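These notes concern the structure reproduced below.
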Amino acid sequence: MTAALDLLRAARESYSQRQIAEALGVNDRTVARWEAGNTSIPSLAVPALKEFLRLGRTSSAPRAFTFVDLFAGIGGIRTAFERIGGECVFTSEWDRWAQQTYKANFPDDEYGEHVFAGDITAVEASAVPDHDVLVGGFPCQPFSIAGVSKKNALGRAHGFADATQGTLFFDVARIIDEKRPAAFLLENVKNLKSHDKGRTFEVIRATLQEELGYELHTRVINGKHFTPQNRERIILVGFREGSDFDFDELALEDYPSTVRDVLHKPSDADLSHDGGRFVDPTTGRVNDKYTLTDHLWTYLQNYAAKHRAAGNGFGFGLVDLDGTTRTLSARYYKDGSEILIPQTGRNPRRLTPRECARLMGFDDDFVIPVSDTQAYKQFGNSVVVPAISAVAELMAHHISPAARSVSGSLAG
């Protein structure tokens with residue numbers, strides 16, 4: 001992208017790669033690769049580069065807003081909100097392997113005091129730092145509302161405690177209730193609206209709108225508009241004050257890239273933090289361990305044939321390299337069957353964890369410190385980062401200094 005590269009070169013006349021990286025919320029190695037032409041500059045970086053040049057922002061400039069990262073996983077949502085100038089002041093993630101990956105990629109507290117907590121259910125809402133935006137991909141759980149009338153559950157102050165107690169959404173609600181952030185973004189599976197015959201979503205909607213008084217916007221967004229992966233997720237965006245936020249402003253055209261663009265190239269053997277783990281440094285080929293064994297490939301073919309004969313659609317997903325993949329799931333580590341890469345003269349292979357990271361929109365600077373099994377689970381549970389970035393960009397101008405003033409004193 002010539003225009004983007006011209007913007008970067010203009011910025012480099014006055015600023016270091018590190019200053020630009022910090023302003024854009026990426027690693028300085030990413031900026032170095034952009035400048036060298038080794039990696040294309042993503043379209044989302046263009047407005048950020050323009051803003052950088054307009055404001056003359058330096059690495060010491062204050063962040064635009066603060067946010068907390070709940071059910072953080074490996075930091076996909078944090079990555080998106082840092083790209084638009086946010087400062088993460090609190091993180092909660094209970095899984096120790098996800099914590100390892102998260103901390104490897106967000107090791108330093110450059111902009112202020114950051115708190116990392118494990119189990120959010122053990123954290124008092126008052127102990128969470130004040131913040132402008134709350135973000136998180138909370139697990140989907142059914143609510144037990146038997147014996148609780150609609151009047152009690154939805155019609156009185158703090159009635160959400162009756163309907164949501166015992167679920168992890170309760171922890172989202174109690175923190176919003178205590179801290180009254182200017183905005184929130186929550187992410188979940190597409191089926192949230194139909195989960196438990198619609199009761200789950202109705203309790204969530206009523207809690208956020210009627211109980212907590214937030215303006216709520218929802219949209220199912222397919223990741224294929226941002227990376228070559230068919231991945232539908234529901235996004236819930238809320239604002240404490242009225243806004244003209246409109247999901248229709250998102251440009252959801254099919255992503256121009258294909259699966260080929262996420263696959264390894266021989267030069268990937270030079271990624272120092274991967275250390276030859278995925279690509280053989282001598283041959284430049286993906287390591288043989290990712291190719292399916294004869295036994296597994298035969299099993300998957302027989303399994304698919306059995307279900308075709310029964311009129312079912314179950315089976316492996318051999319990828320069209322010029323198209324998109326199926327949804328990457330947390331079970332990918334088992335056999336990789338939903339996304340298999342064809343190979344000439346050989347059995348298909350799994351994606352490597354690095355290719356999974358790319359399919360989810362993570363930069364190549366993203367460190368993968370855990371085993372392949374854990375990495376597959378983590379990327380399968382993560383968000384498509386550019387999709388969240390696009391929504392965050394849409395939210396950004398609604399999180400103005402006037403709208404986001406700390407309002408913990410208003411709670412209660």
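Letters A, B, ... go to the chains of the structure tokens in the order shown; residues in each chain start at 1; ligands are counted from 1 in the same order.
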Give me the residues within 7 Å of A:Ala269 as a ChimeraX atom specification, counting only C-alpha atoms and dropping any in the same chain fewer than 3 places off. /A:266,276,279-281,284
Limited to N, CA and C atoms, could you put the picked residues into a file as a compact mmCIF listing (two decimals), in the first residue's frame?
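Output below, filename again.txt:
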```txt
# COMPACT_ATOMS: atom_id res chain seq x y z
N PRO A 266 9.17 -19.12 3.29
CA PRO A 266 10.51 -19.50 3.74
C PRO A 266 11.15 -18.47 4.67
N GLY A 276 12.65 -21.33 14.72
CA GLY A 276 12.59 -22.53 13.90
C GLY A 276 11.54 -23.53 14.35
N VAL A 279 8.91 -23.48 11.12
CA VAL A 279 9.51 -23.58 9.79
C VAL A 279 10.96 -24.03 9.93
N ASP A 280 11.33 -25.04 9.17
CA ASP A 280 12.70 -25.56 9.21
C ASP A 280 13.65 -24.50 8.65
N PRO A 281 14.60 -24.02 9.46
CA PRO A 281 15.48 -22.94 8.99
C PRO A 281 16.39 -23.35 7.84
N GLY A 284 13.27 -24.02 4.81
CA GLY A 284 12.22 -23.02 4.66
C GLY A 284 10.83 -23.62 4.56
```
Pick out the residues sitting within 10 Å of A:Gln301, and hand them over as a count of residues only; count only C-alpha atoms, and ignore anything fewer than 5 positions along from it in its own chain. 4
Nearest-residue call for A:Ser92, choices A:Ala173, A:Ile77, A:Ala117, A:Leu53, using only C-alpha atoms: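 Result for the nearest residue to A:Ser92: A:Ala117.
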Would you list the contacts of A:Ile339 as a ChimeraX atom specification, taking every protein, DNA or RNA residue within 10 Å and counting only C-alpha atoms, but skipping same-chain residues closer than 5 positions in sequence? /A:229,316-320,324-329,332,348-351
Could you give me, as a list in words, the residues within 10 Å of A:Phe379, counting only C-alpha atoms and dropping anything in the same chain fewer than 5 positions from it?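 In the requested format, the answer is Gly73, Ile74, Gly76, Ala98, Leu328, Ser329, Ala330, Tyr332, Pro353, Arg354, Cys356, Ala357, Arg358, Leu359, Met360, Phe362, Gln374 and Val384 of chain A.
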Stretch 231-243 of chain A: which residues within 7 Å, counting only C-alpha atoms, same-chain residues fewer than 5 positions away excluded, as a PyMOL selection string? chain A and resi 182-190+213-224+327+398+403
Let's see if you can do this: from backbone DSSP, list all strand (DSSP E or B) residues in stretch 68-130 of chain A, as a list in words. Val68, Asp69, Leu70, Gly86, Glu87, Cys88, Val89, Phe90, Thr91, Ser92, Val115, Phe116 and Ala117 of chain A
Selection to disk with N, CA and C atoms, as a PDB file, in the first residue's frame:
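Done, and the output landed in part-v6.pdb:
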```pdb
ATOM      1  N   VAL A  68     -10.403  -1.612  31.175  1.00  0.00           N
ATOM      2  CA  VAL A  68     -10.107  -2.851  31.886  1.00  0.00           C
ATOM      3  C   VAL A  68     -10.437  -4.021  30.984  1.00  0.00           C
ATOM      4  N   ASP A  69      -9.657  -5.085  31.103  1.00  0.00           N
ATOM      5  CA  ASP A  69      -9.716  -6.235  30.202  1.00  0.00           C
ATOM      6  C   ASP A  69     -10.139  -7.464  31.006  1.00  0.00           C
ATOM      7  N   LEU A  70     -11.423  -7.824  30.938  1.00  0.00           N
ATOM      8  CA  LEU A  70     -11.953  -8.959  31.701  1.00  0.00           C
ATOM      9  C   LEU A  70     -12.039 -10.207  30.825  1.00  0.00           C
ATOM     10  N   GLY A  86      -5.790   3.365  23.776  1.00  0.00           N
ATOM     11  CA  GLY A  86      -6.222   3.051  25.131  1.00  0.00           C
ATOM     12  C   GLY A  86      -5.094   2.551  26.013  1.00  0.00           C
ATOM     13  N   GLU A  87      -5.245   2.780  27.301  1.00  0.00           N
ATOM     14  CA  GLU A  87      -4.297   2.272  28.300  1.00  0.00           C
ATOM     15  C   GLU A  87      -5.024   1.263  29.183  1.00  0.00           C
ATOM     16  N   CYS A  88      -4.527   0.033  29.194  1.00  0.00           N
ATOM     17  CA  CYS A  88      -5.128  -1.015  30.017  1.00  0.00           C
ATOM     18  C   CYS A  88      -4.637  -0.870  31.450  1.00  0.00           C
ATOM     19  N   VAL A  89      -5.573  -0.723  32.395  1.00  0.00           N
ATOM     20  CA  VAL A  89      -5.196  -0.514  33.795  1.00  0.00           C
ATOM     21  C   VAL A  89      -5.519  -1.719  34.677  1.00  0.00           C
ATOM     22  N   PHE A  90      -6.235  -2.703  34.120  1.00  0.00           N
ATOM     23  CA  PHE A  90      -6.600  -3.874  34.919  1.00  0.00           C
ATOM     24  C   PHE A  90      -6.892  -5.026  33.979  1.00  0.00           C
ATOM     25  N   THR A  91      -6.382  -6.211  34.330  1.00  0.00           N
ATOM     26  CA  THR A  91      -6.610  -7.416  33.539  1.00  0.00           C
ATOM     27  C   THR A  91      -7.046  -8.542  34.460  1.00  0.00           C
ATOM     28  N   SER A  92      -7.999  -9.340  33.996  1.00  0.00           N
ATOM     29  CA  SER A  92      -8.383 -10.544  34.729  1.00  0.00           C
ATOM     30  C   SER A  92      -8.445 -11.720  33.766  1.00  0.00           C
ATOM     31  N   VAL A 115      -2.901  -3.559  37.041  1.00  0.00           N
ATOM     32  CA  VAL A 115      -3.200  -4.632  37.991  1.00  0.00           C
ATOM     33  C   VAL A 115      -3.591  -5.876  37.213  1.00  0.00           C
ATOM     34  N   PHE A 116      -2.984  -7.038  37.554  1.00  0.00           N
ATOM     35  CA  PHE A 116      -3.348  -8.301  36.924  1.00  0.00           C
ATOM     36  C   PHE A 116      -3.970  -9.196  37.986  1.00  0.00           C
ATOM     37  N   ALA A 117      -5.207  -9.616  37.751  1.00  0.00           N
ATOM     38  CA  ALA A 117      -5.915 -10.487  38.680  1.00  0.00           C
ATOM     39  C   ALA A 117      -6.234 -11.807  37.994  1.00  0.00           C
TER      40      ALA A 117
END
```
Between A:Glu93, A:Glu355, A:Glu124, A:Asp365, which one has atoms that come closest to A:Gly137, using only C-alpha atoms?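 Once distances to A:Gly137 are computed over only C-alpha atoms, the minimum belongs to A:Glu93.
Of the residues listed (A:Phe138, A:Met395, A:Lys179, A:Gly85), A:Met395 shows the shortest atom-to-atom separation from A:Asp244; distances use only C-alpha atoms.
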